[in-house]
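First up is the structure itself, then whatever we jot down about it.
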Amino acid sequence: DIDFSNSTVYISSAKQLRQLAKQLNEWEANVQYDKIEGYKFVQTADIDLAGEDWIPIKKLYSPYDGGGFQIKNMRIRENEYGSFIVDARADIKNVRIVDCDIEALTANGIAFMFTGSTMDNCFVSGSISGTVNELSSVGGLISGTLEGTGGAVPRITNCTSAARLKGVYCGGIAAIINNSAIIENCCFTGSIQAYVAGGIACDTYTPLGTEGTVIISDCYVAADISLLENSVWPEDFSRGGAIIDSIGSDIQINNCTVFDSYVDAKGTSDGVL
């Protein structure tokens, strides 16, 4: 069984990973947020989740180090959040999600919402699909980002997604960036089928009365991006860009490469690059 008696908690099996999720979710359900902080979670072996659907960790307030080991065959069928972690407010590094199979309203390889922390050296492959709904956002790693306490800017560095994405809003690394974020040295080599798509990020959003800066640097895209036929929204709704589609924040794109990528436009293709 998993041992919570020390501040560093080691995870080496599917059983222990499910126990981790169950315990954190119980504390979250009982509003015992003090109990889900103060740990460091360290994965020490490859883990195969085949045979039982994954129930997402609802809140991660302590850092998770995957150690470069795999989490294989993560299957999720959820009405709302298809995520390894729903609400991540701690650093995540060295996580490798391999051959996932995810279907949900909002779907992603690692986190639905990533807030004010650093995600480094993570990898995702497999199939990630969102429900065809105007609220659906699908990300290769993350569905959305938020600034943390005191304006802490989320950072996604040295990460790769080779996943096959399908949904309404799809981003190869992150779907929706709220206010500010830094994405650097990341790579998307998968594929996208979406109404609105971006090879690194789909959209940026800055609420009225706030400011934000998004920096995308040293990123690489080599992916097929197909815009779906649109029978629900206005004819000009479908759009895409090889790096990013819509720009709602101040954005800086530095030293990024698009190689052998294809944006197949069923609507418009007016995104950046």
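Letters A, B, ... go to the chains of the structure tokens in the order shown; residues in each chain start at 1; ligands are counted from 1 in the same order.
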
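Excluding Glu78 (chain A) itself and same-chain residues fewer than 3 positions from it, the residues having an atom within 12 Å of it are A:Asp53, A:Trp54, A:Ile55, A:Pro56, A:Arg75, A:Tyr81, A:Gly82, A:Ser83, A:Phe84, A:Val86, A:Asp101, A:Ile102, A:Glu103, A:Ala104, A:Leu105, A:Thr106, A:Ala107, A:Asn108, A:Ser129, A:Gly130, A:Thr131, counting only C-alpha atoms.
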
Selection above as a file: C-alpha atoms, as a compact mmCIF listing (two decimals), in the first residue's frame:
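Result file is result03.txt:
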# COMPACT_ATOMS: atom_id res chain seq x y z
CA ASP A 53 -10.56 3.18 -16.18
CA TRP A 54 -8.57 5.93 -14.53
CA ILE A 55 -10.40 8.16 -12.04
CA PRO A 56 -8.64 11.56 -12.27
CA ARG A 75 -8.21 5.01 -20.29
CA TYR A 81 -12.89 16.06 -17.14
CA GLY A 82 -10.69 13.60 -18.99
CA SER A 83 -7.39 14.20 -17.22
CA PHE A 84 -4.64 12.51 -15.26
CA VAL A 86 -8.01 17.93 -12.98
CA ASP A 101 -7.28 6.61 -24.60
CA ILE A 102 -9.30 9.57 -23.34
CA GLU A 103 -12.85 10.72 -24.16
CA ALA A 104 -14.56 13.48 -22.16
CA LEU A 105 -16.07 16.95 -22.44
CA THR A 106 -12.65 18.51 -21.86
CA ALA A 107 -9.75 16.16 -22.45
CA ASN A 108 -5.97 16.35 -22.11
CA SER A 129 -10.99 13.34 -27.79
CA GLY A 130 -13.39 15.98 -26.50
CA THR A 131 -17.15 16.00 -26.80

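Excluding Ile251 (chain A) and any residue on its chain fewer than 6 positions from it, the residues at most 6 Å away by only C-alpha atoms are Thr213, Val214 and Ile215 of chain A.
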
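For the atom pair formed by CA of Lys22 (chain A) and CA of Asp91 (chain A), the distance is 20.2 Å, given to one decimal.
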
Which of region 126-244 of chain A counts as strand (DSSP E or B) under DSSP, as a PyMOL selection string please? chain A and resi 126-130+137-139+142-146+155-157+160-161+164-171+174-178+181-184+187-188+191-198+201-205+213-217+220-221+224-227+239-241+244

If we count only C-alpha atoms, what is near Ala90 (chain A) at a cut-off of 7 Å, once residues fewer than 3 positions away on the same chain are taken out, given as a ChimeraX atom specification? /A:60-63,117

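As for CA of Val221 (chain A) and CA of Gly199 (chain A), they are spaced 6.1 Å apart.
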
Do a neighbour search on Gln43 (chain A) at 10 Å with only C-alpha atoms, toss out local chain neighbours closer than 4 positions, and write the hits as a ChimeraX atom specification. /A:9-13,16-17,47,64-71,94-95

Writer output for current selection, N, CA and C atoms, as a CSV table (one decimal), in the first residue's frame:
chain,number,residue,atom,x,y,z
A,9,VAL,N,6.4,10.6,-1.0
A,9,VAL,CA,5.6,9.4,-1.2
A,9,VAL,C,6.0,8.8,-2.5
A,10,TYR,N,6.4,7.5,-2.4
A,10,TYR,CA,6.9,6.8,-3.6
A,10,TYR,C,5.7,5.9,-4.2
A,11,ILE,N,5.7,5.9,-5.5
A,11,ILE,CA,4.6,5.2,-6.3
A,11,ILE,C,5.3,4.3,-7.3
A,12,SER,N,5.1,3.0,-7.2
A,12,SER,CA,5.7,2.1,-8.1
A,12,SER,C,4.8,1.1,-8.8
A,13,SER,N,3.5,1.2,-8.6
A,13,SER,CA,2.5,0.3,-9.2
A,13,SER,C,1.2,1.0,-9.5
A,16,GLN,N,-0.8,1.5,-6.3
A,16,GLN,CA,-0.4,2.6,-5.5
A,16,GLN,C,-0.8,3.9,-6.1
A,17,LEU,N,-0.8,4.0,-7.4
A,17,LEU,CA,-1.2,5.2,-8.1
A,17,LEU,C,-2.7,5.5,-7.9
A,47,ILE,N,4.3,2.1,-14.9
A,47,ILE,CA,3.0,1.7,-14.4
A,47,ILE,C,2.0,1.5,-15.6
A,64,TYR,N,4.7,16.5,-8.4
A,64,TYR,CA,4.8,15.1,-8.8
A,64,TYR,C,6.0,14.9,-9.8
A,65,ASP,N,6.8,14.0,-9.5
A,65,ASP,CA,8.0,13.7,-10.3
A,65,ASP,C,7.8,12.3,-10.8
A,66,GLY,N,7.6,12.2,-12.1
A,66,GLY,CA,7.4,10.9,-12.8
A,66,GLY,C,8.7,10.1,-13.0
A,67,GLY,N,9.8,10.7,-12.7
A,67,GLY,CA,11.1,10.0,-12.8
A,67,GLY,C,11.5,9.5,-14.2
A,68,GLY,N,10.7,10.0,-15.2
A,68,GLY,CA,10.9,9.5,-16.6
A,68,GLY,C,10.3,8.2,-16.9
A,69,PHE,N,9.6,7.6,-15.9
A,69,PHE,CA,8.9,6.3,-16.1
A,69,PHE,C,7.6,6.5,-16.8
A,70,GLN,N,7.1,5.5,-17.4
A,70,GLN,CA,5.8,5.5,-18.1
A,70,GLN,C,4.6,5.3,-17.2
A,71,ILE,N,3.5,5.9,-17.6
A,71,ILE,CA,2.2,5.6,-17.2
A,71,ILE,C,1.4,5.2,-18.5
A,94,ASN,N,8.9,15.2,-15.6
A,94,ASN,CA,9.3,13.8,-15.9
A,94,ASN,C,8.2,12.8,-16.0
A,95,VAL,N,7.0,13.3,-16.4
A,95,VAL,CA,5.8,12.4,-16.5
A,95,VAL,C,5.7,11.9,-18.0

Looking at A:Tyr195, A:Phe123, A:Phe112, A:Tyr220, which one is nearest to Ile176 (chain A), with distances taken over only C-alpha atoms? A:Phe112

Assign secondary structure with DSSP using the backbone only, and return the residues of region 10-228 of chain A in helix (DSSP H, G or I) as a count of residues only. 23

Which residues are near Gly126 (chain A)? Cut-off 10 Å, only C-alpha atoms, ignore same chain within fewer than 4 positions. Put them as a ChimeraX atom specification. /A:72-75,97-102,109,140,161-165,190

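If only C-alpha atoms are the atoms counted, then among A:Ala222, A:Glu184, A:Lys59, A:Ile128 the closest residue to Tyr33 (chain A) is A:Lys59.
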
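One finds CA of Leu20 (chain A) at 9.1 Å from CA of Phe4 (chain A).
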
Name all residues at most 7 Å from Thr145 (chain A) (count only C-alpha atoms; drop same-chain ones fewer than 3 positions away) and give them as JSON, numbers by chain. {"A": [113, 114, 115, 154, 176, 177, 178]}

Would you pick out the contacts of Ala29 (chain A) at 12 Å or less, using only C-alpha atoms, so that residues sharing its chain but fewer than 5 positions from it are not included, and give the list as an MDAnalysis selection string? chainID A and resid 21:24 35:36 57:59

Just-selected residues, N, CA and C atoms written as a PDB file, in the first residue's frame:
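Contents of part.pdb, as written:
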ATOM      1  N   ALA A  21      -4.683   8.602  -5.920  1.00  0.00           N
ATOM      2  CA  ALA A  21      -5.826   9.365  -6.421  1.00  0.00           C
ATOM      3  C   ALA A  21      -7.007   9.271  -5.461  1.00  0.00           C
ATOM      4  N   LYS A  22      -7.279   8.072  -4.959  1.00  0.00           N
ATOM      5  CA  LYS A  22      -8.422   7.884  -4.062  1.00  0.00           C
ATOM      6  C   LYS A  22      -8.261   8.700  -2.788  1.00  0.00           C
ATOM      7  N   GLN A  23      -7.055   8.664  -2.188  1.00  0.00           N
ATOM      8  CA  GLN A  23      -6.843   9.392  -0.936  1.00  0.00           C
ATOM      9  C   GLN A  23      -6.910  10.908  -1.142  1.00  0.00           C
ATOM     10  N   LEU A  24      -6.248  11.410  -2.194  1.00  0.00           N
ATOM     11  CA  LEU A  24      -6.303  12.856  -2.451  1.00  0.00           C
ATOM     12  C   LEU A  24      -7.735  13.300  -2.735  1.00  0.00           C
ATOM     13  N   LYS A  35      -4.318  18.661   4.072  1.00  0.00           N
ATOM     14  CA  LYS A  35      -3.760  17.311   3.993  1.00  0.00           C
ATOM     15  C   LYS A  35      -3.200  16.973   2.616  1.00  0.00           C
ATOM     16  N   ILE A  36      -3.595  17.716   1.589  1.00  0.00           N
ATOM     17  CA  ILE A  36      -3.092  17.395   0.252  1.00  0.00           C
ATOM     18  C   ILE A  36      -1.872  18.238  -0.118  1.00  0.00           C
ATOM     19  N   ILE A  57      -7.171  12.442 -10.568  1.00  0.00           N
ATOM     20  CA  ILE A  57      -6.853  13.156  -9.333  1.00  0.00           C
ATOM     21  C   ILE A  57      -7.498  14.534  -9.431  1.00  0.00           C
ATOM     22  N   LYS A  58      -8.347  14.886  -8.474  1.00  0.00           N
ATOM     23  CA  LYS A  58      -9.094  16.138  -8.595  1.00  0.00           C
ATOM     24  C   LYS A  58      -8.239  17.363  -8.295  1.00  0.00           C
ATOM     25  N   LYS A  59      -7.388  17.277  -7.276  1.00  0.00           N
ATOM     26  CA  LYS A  59      -6.526  18.414  -6.942  1.00  0.00           C
ATOM     27  C   LYS A  59      -5.133  17.906  -6.613  1.00  0.00           C
TER      28      LYS A  59
END
